[in-house]
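Novice: My structure is stored as model_15.pdb, with PDB, C-alpha atoms.
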```pdb
MODEL        1
ATOM      1  CA  MET Q 225      11.163  -4.094  -1.995
ATOM      2  CA  LEU Q 226       9.787  -4.796  -5.480
ATOM      3  CA  LEU Q 227      13.006  -6.407  -6.662
ATOM      4  CA  LYS Q 228      12.445  -9.238  -4.184
ATOM      5  CA  LEU Q 229       9.567 -10.333  -6.415
ATOM      6  CA  THR Q 230      11.953 -11.058  -9.304
ATOM      7  CA  ARG Q 231      12.290 -14.694 -10.296
ATOM      8  CA  GLU Q 232      15.620 -16.356  -9.496
ATOM      9  CA  SER Q 233      16.140 -17.521 -13.095
ATOM     10  CA  HIS Q 234      16.219 -13.937 -14.353
ATOM     11  CA  ARG Q 235      19.016 -12.735 -12.076
ATOM     12  CA  ASN Q 236      21.768 -13.426 -14.606
ATOM     13  CA  SER Q 237      19.946 -12.228 -17.703
ATOM     14  CA  PRO Q 238      19.965  -8.675 -18.992
ATOM     15  CA  ARG Q 239      16.996  -6.659 -17.814
ATOM     16  CA  VAL Q 240      14.843  -4.120 -19.484
ATOM     17  CA  TYR Q 241      12.790  -2.208 -16.947
ATOM     18  CA  TYR Q 242       9.613  -0.438 -17.866
ATOM     19  CA  PRO Q 243       8.651   2.190 -15.353
ATOM     20  CA  LEU Q 244       5.622   1.640 -13.213
ATOM     21  CA  HIS Q 245       3.085   4.433 -13.277
ATOM     22  CA  PRO Q 246       4.304   6.992 -10.662
ATOM     23  CA  ALA Q 247       1.064   6.713  -8.702
ATOM     24  CA  LEU Q 248       1.306   2.931  -8.781
ATOM     25  CA  ARG Q 249       4.887   3.034  -7.523
ATOM     26  CA  GLY Q 250       3.823   5.260  -4.605
ATOM     27  CA  THR Q 251       0.843   3.062  -3.798
ATOM     28  CA  ILE Q 252       2.912  -0.106  -3.725
ATOM     29  CA  MET Q 253       5.668   1.432  -1.613
ATOM     30  CA  ALA Q 254       3.100   2.778   0.869
ATOM     31  CA  LEU Q 255       1.533  -0.660   1.147
ATOM     32  CA  TYR Q 256       4.919  -2.291   1.828
ATOM     33  CA  LYS Q 257       6.016   0.193   4.534
ATOM     34  CA  ASP Q 258       5.044  -2.070   7.410
ATOM     35  CA  GLY Q 259       6.935  -5.012   5.879
ATOM     36  CA  SER Q 260       3.854  -7.168   5.380
ATOM     37  CA  SER Q 261       2.991  -8.846   2.125
ATOM     38  CA  VAL Q 262       0.207  -7.272   0.130
ATOM     39  CA  THR Q 263      -2.100  -9.201  -2.162
ATOM     40  CA  THR Q 264      -2.701  -8.253  -5.763
ATOM     41  CA  HIS Q 265      -6.316  -7.552  -4.822
ATOM     42  CA  GLU Q 266      -5.203  -5.056  -2.147
ATOM     43  CA  LYS Q 267      -2.785  -3.346  -4.566
ATOM     44  CA  LEU Q 268      -5.538  -3.075  -7.165
ATOM     45  CA  ILE Q 269      -8.120  -1.567  -4.806
ATOM     46  CA  ALA Q 270      -5.536   0.881  -3.420
ATOM     47  CA  LEU Q 271      -4.661   1.998  -6.957
ATOM     48  CA  LEU Q 272      -8.308   2.456  -7.931
ATOM     49  CA  ASP Q 273      -9.041   4.405  -4.752
ATOM     50  CA  GLN Q 274      -5.960   6.596  -5.179
ATOM     51  CA  HIS Q 275      -7.213   7.600  -8.636
ATOM     52  CA  ASN Q 276     -10.813   8.074  -7.480
ATOM     53  CA  ALA Q 277     -11.803   5.557 -10.140
ATOM     54  CA  ARG Q 278     -15.432   4.734 -10.775
ATOM     55  CA  TYR Q 279     -15.650   1.038  -9.959
ATOM     56  CA  ARG Q 280     -17.535  -1.560  -8.003
ATOM     57  CA  VAL Q 281     -16.374  -4.853  -6.480
ATOM     58  CA  MET Q 282     -18.504  -7.954  -6.842
ATOM     59  CA  GLU Q 283     -18.145 -11.175  -4.862
ATOM     60  CA  HIS Q 284     -19.226 -14.375  -6.604
ATOM     61  CA  PRO Q 285     -18.448 -18.095  -6.828
ATOM     62  CA  ALA Q 286     -14.867 -18.708  -7.965
ATOM     63  CA  THR Q 287     -14.557 -19.115 -11.708
ATOM     64  CA  GLY Q 288     -11.934 -18.217 -14.263
ATOM     65  CA  LYS Q 289     -14.033 -18.884 -17.354
ATOM     66  CA  CYS Q 290     -14.951 -15.736 -19.296
ATOM     67  CA  GLU Q 291     -18.481 -16.762 -20.267
ATOM     68  CA  ALA Q 292     -19.418 -18.069 -16.813
ATOM     69  CA  VAL Q 293     -18.130 -15.058 -14.911
ATOM     70  CA  ALA Q 294     -19.763 -12.615 -17.362
ATOM     71  CA  GLU Q 295     -23.107 -14.277 -16.732
ATOM     72  CA  ILE Q 296     -22.586 -14.062 -12.952
ATOM     73  CA  ARG Q 297     -21.567 -10.380 -13.202
ATOM     74  CA  GLY Q 298     -24.467  -9.524 -15.501
ATOM     75  CA  THR Q 299     -22.063  -8.152 -18.119
ATOM     76  CA  GLU Q 300     -21.334  -8.978 -21.757
ATOM     77  CA  VAL Q 301     -18.408 -11.314 -22.444
ATOM     78  CA  GLY Q 302     -16.805  -8.538 -24.558
ATOM     79  CA  GLN Q 303     -16.697  -6.256 -21.503
ATOM     80  CA  GLY Q 304     -14.310  -8.678 -19.849
ATOM     81  CA  ALA Q 305     -10.668  -7.615 -19.803
ATOM     82  CA  LYS Q 306      -8.753 -10.847 -20.395
ATOM     83  CA  ALA Q 307      -5.158 -10.619 -19.114
ATOM     84  CA  LEU Q 308      -2.596 -13.100 -20.436
ATOM     85  CA  VAL Q 309       0.979 -13.329 -19.196
ATOM     86  CA  CYS Q 310       3.246 -14.011 -22.179
ATOM     87  CA  HIS Q 311       6.948 -14.643 -22.573
ATOM     88  CA  VAL Q 312       8.441 -12.826 -25.575
ATOM     89  CA  LYS Q 313      11.806 -13.650 -27.158
ATOM     90  CA  GLY Q 314      13.801 -12.797 -30.265
ATOM     91  CA  ASN Q 315      15.626  -9.767 -31.685
ATOM     92  CA  GLY Q 316      17.596  -9.549 -28.440
ATOM     93  CA  ILE Q 317      14.353  -9.272 -26.457
ATOM     94  CA  LYS Q 318      13.544 -11.415 -23.458
ATOM     95  CA  GLN Q 319      10.490  -9.860 -21.858
ATOM     96  CA  HIS Q 320       7.337 -10.847 -20.004
ATOM     97  CA  VAL Q 321       4.218  -9.099 -21.256
ATOM     98  CA  LEU Q 322       0.769  -8.741 -19.756
ATOM     99  CA  ALA Q 323      -1.448  -8.757 -22.851
ATOM    100  CA  VAL Q 324      -4.912  -7.310 -22.140
ATOM    101  CA  LEU Q 325      -7.751  -7.745 -24.618
ATOM    102  CA  PRO Q 326     -11.532  -8.147 -24.701
ATOM    103  CA  ALA Q 327     -12.560 -11.555 -23.345
ATOM    104  CA  ASP Q 328     -14.535 -12.401 -26.488
ATOM    105  CA  GLN Q 329     -11.393 -12.109 -28.642
ATOM    106  CA  GLN Q 330      -8.273 -14.257 -29.116
ATOM    107  CA  ALA Q 331      -4.743 -12.943 -28.722
ATOM    108  CA  ASP Q 332      -2.430 -13.156 -31.718
ATOM    109  CA  LEU Q 333       0.843 -14.095 -30.021
ATOM    110  CA  SER Q 334       2.900 -12.907 -33.002
ATOM    111  CA  LYS Q 335       1.351  -9.441 -32.568
ATOM    112  CA  VAL Q 336       2.073  -9.559 -28.833
ATOM    113  CA  ALA Q 337       5.725 -10.278 -29.667
ATOM    114  CA  GLU Q 338       5.846  -7.481 -32.264
ATOM    115  CA  ALA Q 339       4.352  -5.026 -29.747
ATOM    116  CA  VAL Q 340       7.560  -5.180 -27.697
ATOM    117  CA  GLY Q 341      10.024  -5.765 -30.547
ATOM    118  CA  GLY Q 342      10.278  -9.554 -30.198
ATOM    119  CA  ARG Q 343       9.856 -12.329 -32.742
ATOM    120  CA  ARG Q 344       7.793 -14.925 -30.900
ATOM    121  CA  ALA Q 345       5.605 -15.181 -27.827
ATOM    122  CA  SER Q 346       4.193 -17.995 -25.754
ATOM    123  CA  LEU Q 347       1.974 -18.146 -22.725
ATOM    124  CA  ALA Q 348       3.882 -18.080 -19.450
ATOM    125  CA  SER Q 349       3.923 -21.090 -17.152
ATOM    126  CA  PRO Q 350       1.772 -21.150 -14.007
ATOM    127  CA  ALA Q 351       4.932 -20.566 -11.925
ATOM    128  CA  GLU Q 352       5.851 -17.482 -13.999
ATOM    129  CA  VAL Q 353       2.285 -16.166 -13.742
ATOM    130  CA  ASP Q 354       2.367 -16.536  -9.964
ATOM    131  CA  ALA Q 355       5.815 -14.908  -9.647
ATOM    132  CA  LEU Q 356       4.874 -11.929 -11.847
ATOM    133  CA  THR Q 357       1.263 -11.341 -10.783
ATOM    134  CA  GLY Q 358       0.655 -13.134  -7.498
ATOM    135  CA  CYS Q 359      -2.435 -14.619  -9.173
ATOM    136  CA  VAL Q 360      -3.635 -17.852 -10.704
ATOM    137  CA  PHE Q 361      -4.793 -18.041 -14.341
ATOM    138  CA  GLY Q 362      -8.168 -16.370 -14.672
ATOM    139  CA  ALA Q 363      -7.703 -14.005 -11.715
ATOM    140  CA  ILE Q 364      -5.153 -11.594 -13.254
ATOM    141  CA  PRO Q 365      -6.300  -7.960 -13.339
ATOM    142  CA  PRO Q 366      -5.428  -5.756 -16.344
ATOM    143  CA  PHE Q 367      -2.705  -3.860 -14.444
ATOM    144  CA  SER Q 368       0.967  -4.741 -13.978
ATOM    145  CA  PHE Q 369       2.293  -4.455 -10.436
ATOM    146  CA  HIS Q 370       5.707  -5.920 -11.296
ATOM    147  CA  PRO Q 371       8.585  -4.033 -12.973
ATOM    148  CA  ASP Q 372       9.452  -7.031 -15.185
ATOM    149  CA  LEU Q 373       5.920  -7.327 -16.591
ATOM    150  CA  ARG Q 374       5.249  -4.922 -19.462
ATOM    151  CA  LEU Q 375       1.606  -4.057 -20.153
ATOM    152  CA  VAL Q 376       0.143  -4.043 -23.669
ATOM    153  CA  VAL Q 377      -3.571  -3.300 -24.185
ATOM    154  CA  ASP Q 378      -5.585  -3.907 -27.350
ATOM    155  CA  PRO Q 379      -7.482  -0.715 -28.384
ATOM    156  CA  LEU Q 380     -10.730  -2.649 -28.924
ATOM    157  CA  LEU Q 381     -11.064  -2.793 -25.135
ATOM    158  CA  PHE Q 382     -11.785   0.972 -25.143
ATOM    159  CA  GLU Q 383     -14.170   1.071 -28.111
ATOM    160  CA  ARG Q 384     -17.294  -0.982 -27.407
ATOM    161  CA  TYR Q 385     -18.425  -0.492 -23.802
ATOM    162  CA  ASP Q 386     -18.434   2.182 -21.094
ATOM    163  CA  GLU Q 387     -17.225  -0.303 -18.467
ATOM    164  CA  ILE Q 388     -14.826  -3.232 -18.375
ATOM    165  CA  ALA Q 389     -15.003  -6.145 -15.963
ATOM    166  CA  PHE Q 390     -12.247  -8.386 -14.685
ATOM    167  CA  ASN Q 391     -11.318 -10.698 -11.849
ATOM    168  CA  ALA Q 392      -9.609  -8.649  -9.199
ATOM    169  CA  GLY Q 393      -6.617 -10.785  -8.270
ATOM    170  CA  LEU Q 394      -8.939 -13.468  -6.890
ATOM    171  CA  LEU Q 395     -11.250 -15.854  -8.735
ATOM    172  CA  GLU Q 396     -14.109 -14.994  -6.357
ATOM    173  CA  LYS Q 397     -13.944 -11.187  -6.709
ATOM    174  CA  SER Q 398     -14.467  -9.015  -9.764
ATOM    175  CA  VAL Q 399     -14.172  -5.317 -10.480
ATOM    176  CA  VAL Q 400     -16.354  -3.447 -12.944
ATOM    177  CA  LEU Q 401     -14.437  -0.285 -13.894
ATOM    178  CA  SER Q 402     -15.134   2.759 -16.027
ATOM    179  CA  VAL Q 403     -13.337   2.439 -19.376
ATOM    180  CA  ALA Q 404     -12.448   6.143 -19.234
ATOM    181  CA  ASP Q 405     -10.749   5.619 -15.860
ATOM    182  CA  TYR Q 406      -8.897   2.511 -17.058
ATOM    183  CA  ARG Q 407      -7.680   4.423 -20.107
ATOM    184  CA  THR Q 408      -6.057   7.075 -17.886
ATOM    185  CA  MET Q 409      -4.673   4.610 -15.325
ATOM    186  CA  HIS Q 410      -3.254   1.577 -17.139
ATOM    187  CA  TYR Q 411       0.095   3.120 -18.232
ATOM    188  CA  GLY Q 412       0.689   0.456 -20.873
ATOM    189  CA  ASN Q 413       1.216   0.476 -24.621
ATOM    190  CA  VAL Q 414      -1.972   0.423 -26.693
ATOM    191  CA  MET Q 415      -1.450  -1.807 -29.750
ATOM    192  CA  LYS Q 416      -3.557  -4.229 -31.774
ATOM    193  CA  ILE Q 417      -2.831  -7.722 -30.414
ATOM    194  CA  ILE Q 418      -5.977  -9.647 -31.351
ATOM    195  CA  CYS Q 419      -6.469 -12.045 -34.268
TER     196      CYS Q 419
ENDMDL
END
```
Translate the structure described by the file into structure tokens.
Specialist:
Amino acid sequence: MLLKLTRESHRNSPRVYYPLHPALRGTIMALYKDGSSVTTHEKLIALLDQHNARYRVMEHPATGKCEAVAEIRGTEVGQGAKALVCHVKGNGIKQHVLAVLPADQQADLSKVAEAVGGRRASLASPAEVDALTGCVFGAIPPFSFHPDLRLVVDPLLFERYDEIAFNAGLLEKSVVLSVADYRTMHYGNVMKIIC
């Protein structure tokens, strides 16, 4: 079922698959059993529940701006887990990457490219973001639910706070999650990708 999410333009290009976390794979397949579509928010909550993660969901006015949503959540901007969908090319690499970093930092796209063996990276288009995450900009959680979207997390996200906060697949819902639980659940590469 997951392969149906693949963008048409990638069908003729070589693929590099990065395995989904085994628990994530089971969660997604269980959610798809009845043939219905499942939102990113539903996948996220199912994953967190399956891992008995320490988290809370907050509903708030829709916003994708880091500073505004941090104020609404009552968290520091640096607790925010900013998730950027990037397109990496070069050195025979053609890969989409979900780069996750603290919201008060800027991504260094050359470091994002290097993290997966590429030469250059750019931000993905809104259509690519939607196809790979099922989300709009600003609502992307720091987990990849798509086999063509490789996750890379900056280590600073684990070092400053006990909890991270992020929009939960929807601009009007956030999750505040234990950093220790995220560390054990994300199943991505941890590499420095900030400026």
Novice: Using only C-alpha atoms, find the one residue out of Q:Tyr279, Q:Phe367, Q:Phe390, Q:Phe382 that sits nearest to Val309 (chain Q).
Specialist: Q:Phe367
Novice: Hey, which of Q:Arg280, Q:Arg407, Q:Lys416, Q:Lys267 ends up closest to Ala339 (chain Q)? Count all atoms listed in the file.
Specialist: Q:Lys416
Novice: Between CA of Val353 (chain Q) and CA of Thr299 (chain Q), what distance in Å does the model show, to one decimal?
Specialist: 26.0 Å
Novice: Rank nothing, just name the residue among Q:Lys318, Q:Val312, Q:Ala277, Q:Val324 nearest to Ala337 (chain Q), using all atoms listed in the file.
Specialist: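 Of Q:Lys318, Q:Val312, Q:Ala277, Q:Val324, the one nearest Ala337 (chain Q), counting all atoms listed in the file, is Q:Val312.
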Novice: What gap, in Å, lies between CA of Ala355 (chain Q) and CA of Val301 (chain Q)?
Specialist: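 So the answer is 27.6 Å.
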Novice: Let me make sure I understand: among Q:Gly304, Q:Pro326, Q:Gly393, Q:Gly358, which one has the smallest atom-to-atom distance to Pro379 (chain Q) if we use all atoms listed in the file?
Specialist: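 Answer, going by the shortest atom-to-atom distance: Q:Pro326.
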Novice: Quick one: region 356-388 of chain Q with N, CA and C atoms, as a tab-separated table (two decimals), in the frame of the given file?
Specialist:
```
chain	number	residue	atom	x	y	z
Q	356	LEU	N	5.02	-13.27	-11.28
Q	356	LEU	CA	4.87	-11.93	-11.85
Q	356	LEU	C	3.59	-11.21	-11.45
Q	357	THR	N	2.56	-11.97	-11.09
Q	357	THR	CA	1.26	-11.34	-10.78
Q	357	THR	C	0.74	-11.65	-9.39
Q	358	GLY	N	1.21	-12.71	-8.78
Q	358	GLY	CA	0.66	-13.13	-7.50
Q	358	GLY	C	-0.74	-13.72	-7.65
Q	359	CYS	N	-1.09	-14.12	-8.87
Q	359	CYS	CA	-2.44	-14.62	-9.17
Q	359	CYS	C	-2.36	-15.97	-9.88
Q	360	VAL	N	-3.49	-16.65	-9.88
Q	360	VAL	CA	-3.64	-17.85	-10.70
Q	360	VAL	C	-4.24	-17.43	-12.04
Q	361	PHE	N	-4.15	-18.31	-13.05
Q	361	PHE	CA	-4.79	-18.04	-14.34
Q	361	PHE	C	-6.27	-17.72	-14.10
Q	362	GLY	N	-6.77	-16.74	-14.80
Q	362	GLY	CA	-8.17	-16.37	-14.67
Q	362	GLY	C	-8.44	-15.29	-13.65
Q	363	ALA	N	-7.50	-15.01	-12.77
Q	363	ALA	CA	-7.70	-14.00	-11.72
Q	363	ALA	C	-6.87	-12.74	-11.94
Q	364	ILE	N	-6.11	-12.68	-13.02
Q	364	ILE	CA	-5.15	-11.59	-13.25
Q	364	ILE	C	-5.88	-10.32	-13.67
Q	365	PRO	N	-5.70	-9.23	-12.93
Q	365	PRO	CA	-6.30	-7.96	-13.34
Q	365	PRO	C	-5.52	-7.33	-14.49
Q	366	PRO	N	-6.10	-6.36	-15.18
Q	366	PRO	CA	-5.43	-5.76	-16.34
Q	366	PRO	C	-4.44	-4.63	-15.98
Q	367	PHE	N	-3.74	-4.80	-14.89
Q	367	PHE	CA	-2.70	-3.86	-14.44
Q	367	PHE	C	-1.46	-4.65	-14.10
Q	368	SER	N	-0.28	-4.10	-14.37
Q	368	SER	CA	0.97	-4.74	-13.98
Q	368	SER	C	1.48	-4.09	-12.70
Q	369	PHE	N	1.73	-4.92	-11.70
Q	369	PHE	CA	2.29	-4.46	-10.44
Q	369	PHE	C	3.73	-4.92	-10.28
Q	370	HIS	N	4.33	-5.39	-11.34
Q	370	HIS	CA	5.71	-5.92	-11.30
Q	370	HIS	C	6.56	-5.23	-12.36
Q	371	PRO	N	7.76	-4.77	-12.01
Q	371	PRO	CA	8.59	-4.03	-12.97
Q	371	PRO	C	9.06	-4.86	-14.16
Q	372	ASP	N	9.02	-6.18	-14.07
Q	372	ASP	CA	9.45	-7.03	-15.18
Q	372	ASP	C	8.30	-7.45	-16.09
Q	373	LEU	N	7.11	-6.94	-15.83
Q	373	LEU	CA	5.92	-7.33	-16.59
Q	373	LEU	C	5.38	-6.11	-17.33
Q	374	ARG	N	5.65	-6.06	-18.64
Q	374	ARG	CA	5.25	-4.92	-19.46
Q	374	ARG	C	3.80	-5.08	-19.92
Q	375	LEU	N	3.03	-4.03	-19.83
Q	375	LEU	CA	1.61	-4.06	-20.15
Q	375	LEU	C	1.35	-3.60	-21.58
Q	376	VAL	N	0.57	-4.39	-22.32
Q	376	VAL	CA	0.14	-4.04	-23.67
Q	376	VAL	C	-1.37	-4.27	-23.73
Q	377	VAL	N	-2.12	-3.26	-24.16
Q	377	VAL	CA	-3.57	-3.30	-24.18
Q	377	VAL	C	-4.07	-3.15	-25.62
Q	378	ASP	N	-4.99	-4.03	-26.02
Q	378	ASP	CA	-5.58	-3.91	-27.35
Q	378	ASP	C	-6.60	-2.76	-27.34
Q	379	PRO	N	-6.59	-1.88	-28.36
Q	379	PRO	CA	-7.48	-0.72	-28.38
Q	379	PRO	C	-8.97	-1.06	-28.43
Q	380	LEU	N	-9.32	-2.27	-28.88
Q	380	LEU	CA	-10.73	-2.65	-28.92
Q	380	LEU	C	-11.36	-2.63	-27.53
Q	381	LEU	N	-10.56	-2.81	-26.50
Q	381	LEU	CA	-11.06	-2.79	-25.14
Q	381	LEU	C	-11.71	-1.44	-24.79
Q	382	PHE	N	-11.28	-0.37	-25.43
Q	382	PHE	CA	-11.78	0.97	-25.14
Q	382	PHE	C	-12.97	1.38	-26.03
Q	383	GLU	N	-13.28	0.60	-27.05
Q	383	GLU	CA	-14.17	1.07	-28.11
Q	383	GLU	C	-15.62	0.63	-28.02
Q	384	ARG	N	-15.94	-0.43	-27.30
Q	384	ARG	CA	-17.29	-0.98	-27.41
Q	384	ARG	C	-18.20	-0.76	-26.20
Q	385	TYR	N	-17.63	-0.58	-25.02
Q	385	TYR	CA	-18.42	-0.49	-23.80
Q	385	TYR	C	-17.94	0.67	-22.93
Q	386	ASP	N	-18.80	1.12	-22.04
Q	386	ASP	CA	-18.43	2.18	-21.09
Q	386	ASP	C	-17.72	1.64	-19.87
Q	387	GLU	N	-17.87	0.33	-19.62
Q	387	GLU	CA	-17.23	-0.30	-18.47
Q	387	GLU	C	-16.55	-1.60	-18.90
Q	388	ILE	N	-15.46	-1.93	-18.21
Q	388	ILE	CA	-14.83	-3.23	-18.38
Q	388	ILE	C	-14.98	-3.99	-17.06
```
